[in-house]
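Participant: One structure coming up, written as C-alpha cells, with questions to follow.
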Amino acid sequence: MDWFTLALIGVSVLAGVALGISPLLWCLRRYSILDHPNERSSHDRPTPKGAGIVLIPTVVFAWIALSWLKFPGPSLSDTLLISMLALVLATLSWIDDLKGLPAMFRLPIHIMVALLATQLLPDSPAIFNGFLNPYFEEALIVLIWVWFINLFNFMDGIDGISAVETITVSLGLVSMGLILPELANMVPFSLVLLSAAVGFVFWNWSPARIFLGDVGSAPLGFLLCWQLLLLAKSGQWGAALILPGYYLADATLTLIKRGARGEKVWLPHREHFYQRASIGGASHQRVSFVVLISGLILAGLAILSSVGYPVFSLALTGVLIAGVLLYFSSRHPRAGL
C-alpha cells in the first residue's frame, strides 16, 4: 500500500471539507437556507444547513480516486455505483432540506438504493453464517441499511454528535485494518471518512456554525453502513455491531418506545436519550464529548472482538451503552454544563 499517497489523499479530504465549507456557508446565508429553531429542535438560533453539499462529493471523489489508484477495497466499478447511489440520496435529501418531502416518498427511494447497493456486497461469507435463506438475508440487510440511513439522520440533532460518531467508527475501522492484514481493505476508504469528519467537526462543534443537513446525514449514514457491512461480510459481525453501538441503541430503543405509544415514528421529536440530556441541562459539548469518549471505547472493544473475543466484547459493549443511556436519562438542569 502506498502510504504516502494515502496520507496525501486523507489530508486533501480534510482540507477540502474544512476549506470548502467557508464559501458554502456564505451561499447558504445569502439564500437564507437555515435551520430555524422550533419546539422539536435542540438549537436556539437560525443556523445554515447543508454542509453535506461539500462533504459527500469530497468523500465519493476521494473513494473513486482510491479505486482508480488500485488501493485495497472495492473495485472501481463497485465504487462508482456506490458513489452514484450516495449522490442520489444526497440529491433527494437536499430537496427534503429545501422543500420538505413526506416520509412515504423518501422511504421507497431509500429501499431502492439499499437494494441496489446490497447487490454489490460479496456473496460470501454470509453475514448470518448460513442460518438464513439467502433471500431472507438479503431482505434483512436491506432493512438494516435503510434503518441505518434513517437513524443516522435522526441522531444528527445536536452540535458535533454525528461528526464525532463518524470519527470514532472510522477510526475503529482504520485501526482494525492496520492490526489485521485480512482487514487491510478497510483502511483507505475509512480513512477518507475519518478525514472528512475531522474537517467538518471544526465547523460543527458547539456552537455550530453549520449543520450537515439531510443532504449530509443520510448519504453519510449510507456510506458508513457500506463499510460496516463489508466488515461483517469479512466475518467480523461482532465488531460491525459494536462500532456504531451507541447510535444503534439510542435510535432503536427510542423508535420502539414511540411506536409502542402509537406515535408517528417518522415525525421529528426530542425524545432520543442524547436529546433528553440536552433538555435536562447538559451542554451540546458535554453530550457530544460523552459520545466521543464512549465511541473511542467502543472502537477499542471492536478491535478486541476482531482479534478473537467477540462475546466478551459484546457483553462489555452492552454494559457501556446501558451506562451512557442511563447517564443521559438522569441529566437535570445544572449551571455551567
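Just so we're on the same page: first chain in the C-alpha cells is A, next is B, and so on; residues restart at 1 for each chain, and ligands are numbered from 1 in the order they show up.
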What lies within 6 Å of region 301-306 of chain A using only C-alpha atoms, ignoring chain neighbours under 5 positions off, as a list in words?
Facilitator: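 Near neighbours after the sequence-gap exclusion: Met176, Ala239, Ile242 and Ser313 of chain A.
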Participant: Those same residues, written as a tab-separated table (two decimals), in the first residue's frame with N, CA and C atoms?
Facilitator:
```
chain	number	residue	atom	x	y	z
A	176	MET	N	-8.56	-1.48	12.98
A	176	MET	CA	-8.66	-2.93	12.73
A	176	MET	C	-7.93	-3.32	11.45
A	239	ALA	N	-17.73	-6.91	15.63
A	239	ALA	CA	-17.12	-5.58	15.55
A	239	ALA	C	-18.02	-4.61	14.80
A	242	ILE	N	-20.60	-3.50	17.21
A	242	ILE	CA	-20.08	-2.73	18.34
A	242	ILE	C	-19.78	-1.28	17.95
A	313	SER	N	-16.45	-8.92	24.28
A	313	SER	CA	-16.53	-7.53	23.81
A	313	SER	C	-17.98	-7.06	23.70
```
Participant: Could you find all residues in region 236-310 of chain A that DSSP calls alpha helix (DSSP H) from the backbone, and write them as a ChimeraX atom specification?
Facilitator: /A:237-242,245-260,273-279,284-306,310
Participant: Could you write those residues out with N, CA and C atoms, as a compact mmCIF listing (two decimals), in the first residue's frame?
Facilitator:
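Done, and the output landed in part.txt:
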```txt
# COMPACT_ATOMS: atom_id res chain seq x y z
N TRP A 237 -18.73 -9.73 12.32
CA TRP A 237 -20.06 -9.15 12.57
C TRP A 237 -20.14 -8.52 13.95
N GLY A 238 -19.41 -9.08 14.92
CA GLY A 238 -19.43 -8.51 16.27
C GLY A 238 -18.87 -7.10 16.28
N ALA A 239 -17.73 -6.91 15.63
CA ALA A 239 -17.12 -5.58 15.55
C ALA A 239 -18.02 -4.61 14.80
N ALA A 240 -18.67 -5.10 13.73
CA ALA A 240 -19.57 -4.24 12.95
C ALA A 240 -20.76 -3.78 13.77
N LEU A 241 -21.16 -4.57 14.73
CA LEU A 241 -22.27 -4.20 15.61
C LEU A 241 -21.80 -3.28 16.73
N ILE A 242 -20.60 -3.50 17.21
CA ILE A 242 -20.08 -2.73 18.34
C ILE A 242 -19.78 -1.28 17.95
N GLY A 245 -22.52 1.11 18.10
CA GLY A 245 -23.42 0.60 19.13
C GLY A 245 -24.28 1.64 19.80
N TYR A 246 -23.68 2.80 20.16
CA TYR A 246 -24.50 3.81 20.84
C TYR A 246 -25.59 4.35 19.92
N TYR A 247 -25.25 4.71 18.70
CA TYR A 247 -26.25 5.23 17.77
C TYR A 247 -27.36 4.20 17.54
N LEU A 248 -26.98 2.93 17.35
CA LEU A 248 -27.97 1.88 17.14
C LEU A 248 -28.91 1.76 18.33
N ALA A 249 -28.35 1.76 19.54
CA ALA A 249 -29.17 1.56 20.74
C ALA A 249 -30.10 2.75 20.98
N ASP A 250 -29.57 3.96 20.94
CA ASP A 250 -30.38 5.14 21.20
C ASP A 250 -31.53 5.24 20.20
N ALA A 251 -31.21 5.15 18.92
CA ALA A 251 -32.23 5.31 17.88
C ALA A 251 -33.26 4.19 17.91
N THR A 252 -32.80 2.95 18.09
CA THR A 252 -33.72 1.82 18.03
C THR A 252 -34.63 1.78 19.25
N LEU A 253 -34.08 1.99 20.44
CA LEU A 253 -34.91 1.99 21.65
C LEU A 253 -35.92 3.13 21.62
N THR A 254 -35.51 4.28 21.12
CA THR A 254 -36.44 5.42 21.02
C THR A 254 -37.55 5.11 20.03
N LEU A 255 -37.20 4.50 18.91
CA LEU A 255 -38.22 4.12 17.92
C LEU A 255 -39.23 3.14 18.52
N ILE A 256 -38.74 2.13 19.22
CA ILE A 256 -39.62 1.13 19.83
C ILE A 256 -40.54 1.79 20.86
N LYS A 257 -39.97 2.66 21.67
CA LYS A 257 -40.76 3.33 22.71
C LYS A 257 -41.86 4.19 22.10
N ARG A 258 -41.53 4.95 21.08
CA ARG A 258 -42.53 5.82 20.45
C ARG A 258 -43.57 4.99 19.69
N GLY A 259 -43.12 3.92 19.05
CA GLY A 259 -44.06 3.06 18.35
C GLY A 259 -45.04 2.40 19.30
N ALA A 260 -44.54 1.99 20.48
CA ALA A 260 -45.41 1.35 21.47
C ALA A 260 -46.48 2.31 21.98
N PHE A 273 -32.20 9.74 23.76
CA PHE A 273 -31.53 9.86 25.06
C PHE A 273 -30.59 11.06 25.08
N TYR A 274 -29.85 11.28 24.02
CA TYR A 274 -28.92 12.43 23.99
C TYR A 274 -29.68 13.74 24.03
N GLN A 275 -30.88 13.78 23.42
CA GLN A 275 -31.69 15.00 23.46
C GLN A 275 -32.24 15.25 24.85
N ARG A 276 -32.59 14.18 25.55
CA ARG A 276 -33.08 14.33 26.91
C ARG A 276 -32.00 14.89 27.82
N ALA A 277 -30.76 14.49 27.57
CA ALA A 277 -29.65 15.05 28.34
C ALA A 277 -29.50 16.53 28.07
N SER A 278 -29.62 16.92 26.79
CA SER A 278 -29.52 18.33 26.41
C SER A 278 -30.66 19.14 27.01
N ILE A 279 -31.88 18.61 26.93
CA ILE A 279 -33.03 19.29 27.52
C ILE A 279 -32.85 19.41 29.03
N HIS A 284 -24.32 20.95 24.63
CA HIS A 284 -24.03 20.14 23.45
C HIS A 284 -22.60 19.60 23.51
N GLN A 285 -21.68 20.45 24.00
CA GLN A 285 -20.29 19.99 24.10
C GLN A 285 -20.17 18.77 25.01
N ARG A 286 -20.87 18.83 26.15
CA ARG A 286 -20.78 17.73 27.11
C ARG A 286 -21.36 16.44 26.52
N VAL A 287 -22.52 16.54 25.91
CA VAL A 287 -23.16 15.34 25.35
C VAL A 287 -22.31 14.75 24.23
N SER A 288 -21.85 15.59 23.32
CA SER A 288 -21.04 15.08 22.21
C SER A 288 -19.70 14.54 22.70
N PHE A 289 -19.17 15.12 23.77
CA PHE A 289 -17.92 14.61 24.33
C PHE A 289 -18.13 13.23 24.93
N VAL A 290 -19.26 13.02 25.59
CA VAL A 290 -19.58 11.68 26.12
C VAL A 290 -19.70 10.67 24.97
N VAL A 291 -20.36 11.09 23.88
CA VAL A 291 -20.48 10.21 22.71
C VAL A 291 -19.10 9.92 22.12
N LEU A 292 -18.22 10.92 22.10
CA LEU A 292 -16.86 10.73 21.60
C LEU A 292 -16.09 9.72 22.44
N ILE A 293 -16.10 9.91 23.76
CA ILE A 293 -15.35 9.01 24.64
C ILE A 293 -15.91 7.59 24.58
N SER A 294 -17.24 7.48 24.63
CA SER A 294 -17.84 6.14 24.54
C SER A 294 -17.54 5.51 23.18
N GLY A 295 -17.53 6.32 22.12
CA GLY A 295 -17.21 5.81 20.79
C GLY A 295 -15.78 5.30 20.70
N LEU A 296 -14.85 5.99 21.35
CA LEU A 296 -13.46 5.53 21.36
C LEU A 296 -13.33 4.21 22.12
N ILE A 297 -14.08 4.08 23.21
CA ILE A 297 -14.07 2.82 23.96
C ILE A 297 -14.68 1.71 23.10
N LEU A 298 -15.78 2.03 22.41
CA LEU A 298 -16.39 1.04 21.52
C LEU A 298 -15.43 0.62 20.41
N ALA A 299 -14.65 1.57 19.90
CA ALA A 299 -13.65 1.22 18.89
C ALA A 299 -12.64 0.22 19.46
N GLY A 300 -12.22 0.46 20.71
CA GLY A 300 -11.31 -0.49 21.36
C GLY A 300 -11.94 -1.86 21.54
N LEU A 301 -13.22 -1.88 21.91
CA LEU A 301 -13.92 -3.15 22.08
C LEU A 301 -14.11 -3.87 20.75
N ALA A 302 -14.32 -3.10 19.68
CA ALA A 302 -14.44 -3.70 18.34
C ALA A 302 -13.12 -4.36 17.94
N ILE A 303 -12.02 -3.69 18.26
CA ILE A 303 -10.70 -4.28 17.98
C ILE A 303 -10.53 -5.57 18.78
N LEU A 304 -10.92 -5.53 20.06
CA LEU A 304 -10.84 -6.72 20.91
C LEU A 304 -11.68 -7.86 20.33
N SER A 305 -12.86 -7.52 19.84
CA SER A 305 -13.71 -8.53 19.20
C SER A 305 -13.05 -9.11 17.96
N SER A 306 -12.40 -8.26 17.19
CA SER A 306 -11.81 -8.71 15.92
C SER A 306 -10.62 -9.63 16.10
N PRO A 310 -15.19 -11.91 20.68
CA PRO A 310 -16.45 -11.24 20.34
C PRO A 310 -17.48 -11.25 21.46
```
Participant: So which residues touch Val11 (chain A) within 12 Å, counting only C-alpha atoms, skipping near sequence neighbours fewer than 3 positions away, as a compact mmCIF listing (two decimals) with N, CA and C atoms, in the first residue's frame?
Facilitator:
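Produced file out.txt, reproduced below:
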```txt
# COMPACT_ATOMS: atom_id res chain seq x y z
N PHE A 4 2.27 7.06 1.50
CA PHE A 4 2.42 8.50 1.26
C PHE A 4 1.23 9.04 0.47
N THR A 5 0.86 8.34 -0.60
CA THR A 5 -0.28 8.78 -1.41
C THR A 5 -1.57 8.74 -0.60
N LEU A 6 -1.73 7.68 0.22
CA LEU A 6 -2.93 7.58 1.05
C LEU A 6 -3.00 8.73 2.05
N ALA A 7 -1.86 9.05 2.67
CA ALA A 7 -1.84 10.18 3.61
C ALA A 7 -2.15 11.49 2.89
N LEU A 8 -1.63 11.64 1.69
CA LEU A 8 -1.88 12.85 0.91
C LEU A 8 -3.37 12.98 0.58
N LEU A 14 -9.48 16.23 4.24
CA LEU A 14 -9.68 17.07 5.42
C LEU A 14 -9.67 18.54 5.04
N ALA A 15 -8.66 18.95 4.28
CA ALA A 15 -8.56 20.35 3.87
C ALA A 15 -9.70 20.74 2.94
N GLY A 16 -10.07 19.84 2.03
CA GLY A 16 -11.15 20.15 1.09
C GLY A 16 -12.46 20.42 1.79
N VAL A 17 -12.77 19.60 2.80
CA VAL A 17 -14.01 19.80 3.55
C VAL A 17 -13.92 21.06 4.40
N ALA A 18 -12.82 21.20 5.14
CA ALA A 18 -12.68 22.35 6.04
C ALA A 18 -12.69 23.67 5.29
N LEU A 19 -12.00 23.73 4.15
CA LEU A 19 -11.93 24.97 3.38
C LEU A 19 -13.16 25.16 2.50
N THR A 58 -16.91 15.35 -1.80
CA THR A 58 -15.49 15.20 -1.49
C THR A 58 -15.16 13.75 -1.16
N ALA A 62 -12.93 11.14 -3.51
CA ALA A 62 -11.73 10.50 -2.95
C ALA A 62 -11.83 8.98 -3.03
N LEU A 191 -10.36 5.79 6.10
CA LEU A 191 -9.53 6.96 6.37
C LEU A 191 -10.12 8.21 5.72
N VAL A 192 -10.70 8.06 4.55
CA VAL A 192 -11.35 9.20 3.88
C VAL A 192 -12.52 9.70 4.71
N LEU A 193 -13.36 8.78 5.21
CA LEU A 193 -14.48 9.19 6.06
C LEU A 193 -13.99 9.88 7.33
N LEU A 194 -12.94 9.33 7.92
CA LEU A 194 -12.35 9.93 9.12
C LEU A 194 -11.86 11.35 8.83
N SER A 195 -11.15 11.52 7.74
CA SER A 195 -10.61 12.84 7.37
C SER A 195 -11.73 13.84 7.12
N ALA A 196 -12.77 13.42 6.42
CA ALA A 196 -13.90 14.31 6.13
C ALA A 196 -14.58 14.75 7.42
N ALA A 197 -14.75 13.82 8.35
CA ALA A 197 -15.41 14.15 9.62
C ALA A 197 -14.58 15.11 10.45
N VAL A 198 -13.26 14.94 10.43
CA VAL A 198 -12.38 15.87 11.16
C VAL A 198 -12.46 17.26 10.54
N GLY A 199 -12.49 17.33 9.21
CA GLY A 199 -12.64 18.62 8.55
C GLY A 199 -13.96 19.29 8.86
```
Participant: Please identify all polymer residues within 10 Å of Ile109 (chain A), counting only C-alpha atoms, omitting same-chain residues fewer than 6 positions from it, and present them as a PDB file with C-alpha atoms, in the first residue's frame.
Facilitator:
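Result saved to selection10.pdb:
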```
ATOM      1  CA  VAL A  88     -28.847  10.001  -5.371  1.00  0.00           C
ATOM      2  CA  LEU A  89     -29.503  10.012  -1.627  1.00  0.00           C
ATOM      3  CA  LEU A  92     -33.156  13.508  -2.562  1.00  0.00           C
ATOM      4  CA  LEU A 115     -31.467  -2.953  -2.518  1.00  0.00           C
ATOM      5  CA  VAL A 146     -32.491   1.591   5.324  1.00  0.00           C
TER       6      VAL A 146
END
```
Participant: Of the candidates A:Ser42, A:Thr118, A:Ser234, A:Thr47, which shows the shortest atom-to-atom distance to Ile210 (chain A), using only C-alpha atoms?
Facilitator: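 The shortest atom-to-atom distance to Ile210 (chain A) comes from A:Thr47.
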Participant: Rounded to one decimal, what separation in Å do you get between CA of Val54 (chain A) and CA of Trp266 (chain A)?
Facilitator: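 Between these atoms lies a distance of 26.7 Å.
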Participant: Please compute the CA of Asp2 (chain A)-CA of Pro181 (chain A) distance, one decimal, in Å.
Facilitator: 15.1 Å
Participant: From the options A:Leu230, A:Ile33, A:Val59, A:Val142, which residue's atoms come nearest to Asp123 (chain A), counting only C-alpha atoms?
Facilitator: A:Leu230
Participant: Name the residues in contact with region 67-78 of chain A at a cut-off of 12 Å, using only C-alpha atoms, excluding same-chain residues fewer than 3 positions from it; report them as a ChimeraX atom specification.
Facilitator: /A:1-3,5-6,9,60-64,81-85,116-122,177,181-191,226-227,230-231
Participant: I need the chosen residues saved as a JSON list (two decimals), in the first residue's frame, with C-alpha atoms.
Facilitator:
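Contents of the output file part_12.json:
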```
[["chain", "number", "residue", "atom", "x", "y", "z"],
["A", 1, "MET", "CA", 0.00, 0.00, 0.00],
["A", 2, "ASP", "CA", 1.33, 3.45, -0.94],
["A", 3, "TRP", "CA", 1.15, 5.13, 2.46],
["A", 5, "THR", "CA", -0.28, 8.78, -1.41],
["A", 6, "LEU", "CA", -2.93, 7.58, 1.05],
["A", 9, "ILE", "CA", -5.45, 11.90, -0.05],
["A", 60, "VAL", "CA", -17.07, 10.00, -3.11],
["A", 61, "PHE", "CA", -14.47, 11.71, -5.31],
["A", 62, "ALA", "CA", -11.73, 10.50, -2.95],
["A", 63, "TRP", "CA", -13.19, 6.99, -2.91],
["A", 64, "ILE", "CA", -13.21, 6.88, -6.70],
["A", 81, "LEU", "CA", -22.01, 2.59, -8.28],
["A", 82, "ILE", "CA", -21.88, 3.14, -4.51],
["A", 83, "SER", "CA", -20.84, 6.75, -5.12],
["A", 84, "MET", "CA", -23.71, 7.24, -7.56],
["A", 85, "LEU", "CA", -26.20, 5.84, -5.04],
["A", 116, "LEU", "CA", -29.19, -1.95, -5.38],
["A", 117, "ALA", "CA", -26.22, -1.46, -3.06],
["A", 118, "THR", "CA", -26.79, -4.87, -1.47],
["A", 119, "GLN", "CA", -26.11, -6.49, -4.84],
["A", 120, "LEU", "CA", -22.55, -5.12, -4.64],
["A", 121, "LEU", "CA", -21.72, -6.87, -1.36],
["A", 122, "PRO", "CA", -19.60, -10.03, -1.65],
["A", 177, "GLY", "CA", -7.33, -2.73, 9.19],
["A", 181, "PRO", "CA", -3.87, -7.97, 7.48],
["A", 182, "GLU", "CA", -7.13, -9.56, 6.28],
["A", 183, "LEU", "CA", -8.93, -6.28, 7.03],
["A", 184, "ALA", "CA", -6.40, -4.03, 5.27],
["A", 185, "ASN", "CA", -9.01, -3.21, 2.63],
["A", 186, "MET", "CA", -10.95, -1.26, 5.30],
["A", 187, "VAL", "CA", -8.15, 1.28, 5.79],
["A", 188, "PRO", "CA", -8.17, 3.57, 2.71],
["A", 189, "PHE", "CA", -11.92, 4.18, 2.41],
["A", 190, "SER", "CA", -12.43, 4.51, 6.17],
["A", 191, "LEU", "CA", -9.53, 6.96, 6.37],
["A", 226, "TRP", "CA", -21.45, 0.10, 3.49],
["A", 227, "GLN", "CA", -18.15, -0.07, 5.35],
["A", 230, "LEU", "CA", -18.17, -5.11, 4.38],
["A", 231, "LEU", "CA", -16.67, -5.63, 7.84]]
```
Participant: Between A:Ala315, A:Ala139, A:Ala232, A:Leu223, which is the closest to Ile56 (chain A) once you count only C-alpha atoms?
Facilitator: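 The answer is A:Leu223, which sits nearest to Ile56 (chain A).
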Participant: Mind pulling up the distance from CA of Glu165 (chain A) to CA of Pro244 (chain A)?
Facilitator: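 Straight-line distance from CA of Pro244 (chain A) to CA of Glu165 (chain A) works out to 7.6 Å.
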